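Report on the structure given below.
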Protein chains: 2
Amino acid sequence: MDWLEQVKWDADGLVPVIAQEQGTKDVLMFAWMNREALAATAARGQAVYFSRSRKRLWHKGEESGHFQEVHEMRLDCDADVVLLTVTQHGHDPAIACHTGRHSCFFQRFDGLQWQTVEPVLKDPESIYG
Amino acid sequence: MDWLEQVKWDADGLVPVIAQEQGTKDVLMFAWMNREALAATAARGQAVYFSRSRKRLWHKGEESGHFQEVHEMRLDCDADVVLLTVTQHGHDPAIACHTGRHSCFFQRFDGLQWQTVEPVLKDPESIYG
């Protein structure tokens with residue numbers, strides 16, 4: 001059985017994907033893939049997601065230069081979630097978030113509020129400008 | 001603005017949730033929450049998910065005893081994904097997966113196949129029996 005067929009794609013043909021940094025084990029981001037994106041990720045060794053807003057393949061880093069080298073791909077027990085182990089390239093320290101932060105998960109729940117607790121490492125305008 | 005309103009709930013009123021183990025930083029599992037589940041998680045300090053198959057709140061560990069103590073909750077840049085930092089209780093070594101494994105992400109992509117690479121720590125029949 002083909003490995004792509006073993007993934008349980010949702011009604012939109014997508015699977016949720018978690019990107020975790022090798023070494024630090026920080027969870028960097030969460031995105032989606034369709035079959036073509038997962039196949040491309042496996043073939044290139046770089047993360048290729050499916051952008052739900054733009055409805056097209058999104059080779060992470062194509063605009064920012066912040067691409068993700070993929071070391072390992074894992075599938076969960078229900079075969080409906082993928083976990084990537086990545087090295088986040090393009091900036092030191094690594095920037096995975098479009099806001100210029102290391103990780104997309106920079107808002108911490110504290111005092112019944114979501115508080116921003118991680119610094120912007122690079123002005124997003126200079127990343128995407 | 002209410003912190004629950006700041007979450008961008010999807011068309012089904014759900015948000016994806018990643019549970020990461022404190023200490024090891026292993027990604028243990030992925031699940032979903034609705035508003036009630038997220039509010040309950042914040043109030044109890046234990047993970048309460050929404051089971052899409054059973055269409056009801058699912059207090060993780062309610063059957064297995066393998067509950068999750070929540071140390072931190074984070075929200076991502078788009079406010080549509082939650083990351084929990086947890087201690088997985090109920091068994092030593094910790095079991096988060098219903099298959100009796102530490103993590104749900106036990107299938108590694110290797111040689112164009114998903115290969116099971118993590119051991120069963122406890123027979124699931126004795127967890128749920």
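Quick note on naming: the chains in the structure tokens go A, B, ... in the order shown, residues restart at 1 in each chain, and ligands are numbered from 1 in order of appearance.
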### Task
Might you pull out every residue within 8 Å of Ala19 of chain B, with only C-alpha atoms counted and same-chain residues fewer than 3 positions away left off, and present them as a list in words?
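Listing them by chain and then by number gives Val27, Leu28, Met29, Phe30, Leu83, Leu84, Thr85 and Val86 of chain B.
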Produce a file of the selected residues containing C-alpha atoms, as a PDB file, in the first residue's frame.
```
ATOM      1  CA  VAL B  27       5.107  16.000  21.081  1.00  0.00           C
ATOM      2  CA  LEU B  28       2.711  13.532  22.692  1.00  0.00           C
ATOM      3  CA  MET B  29      -0.526  13.956  20.789  1.00  0.00           C
ATOM      4  CA  PHE B  30      -2.775  16.166  18.713  1.00  0.00           C
ATOM      5  CA  LEU B  83      -0.001  24.396  22.217  1.00  0.00           C
ATOM      6  CA  LEU B  84      -0.143  22.811  25.685  1.00  0.00           C
ATOM      7  CA  THR B  85       2.839  22.019  27.886  1.00  0.00           C
ATOM      8  CA  VAL B  86       1.822  19.011  29.957  1.00  0.00           C
TER       9      VAL B  86
END
```
### Query
Using only C-alpha atoms, which chain B residues lie at most 10 Å away from chain A, written as a PyMOL selection string?
chain B and resi 1-4+6-7+16-18+20+24-31+42+72-84+97-99+101+103-117
### Message
Using only C-alpha atoms, which protein or nucleic acid residues come within 9 Å of Leu38 of chain B? Drop anything in the same chain fewer than 4 positions from it, and give the result as JSON, numbers by chain.
### Response
{"B": [4, 33, 34, 42, 43, 47, 48, 49, 50]}
Writing out the chosen residues with C-alpha atoms as an mmCIF file, in the first residue's frame:
```cif
data_model
loop_
_atom_site.group_PDB
_atom_site.id
_atom_site.type_symbol
_atom_site.label_atom_id
_atom_site.label_comp_id
_atom_site.auth_asym_id
_atom_site.auth_seq_id
_atom_site.Cartn_x
_atom_site.Cartn_y
_atom_site.Cartn_z
ATOM 1 C CA LEU B 4 -11.895 32.692 24.452
ATOM 2 C CA MET B 33 -11.006 21.613 21.575
ATOM 3 C CA ASN B 34 -14.198 23.608 21.419
ATOM 4 C CA ALA B 42 -7.944 26.463 31.857
ATOM 5 C CA ALA B 43 -10.217 26.043 34.884
ATOM 6 C CA ALA B 47 -6.428 18.718 29.422
ATOM 7 C CA VAL B 48 -10.059 18.492 28.345
ATOM 8 C CA TYR B 49 -10.473 17.923 24.609
ATOM 9 C CA PHE B 50 -13.473 17.668 22.321
#
```
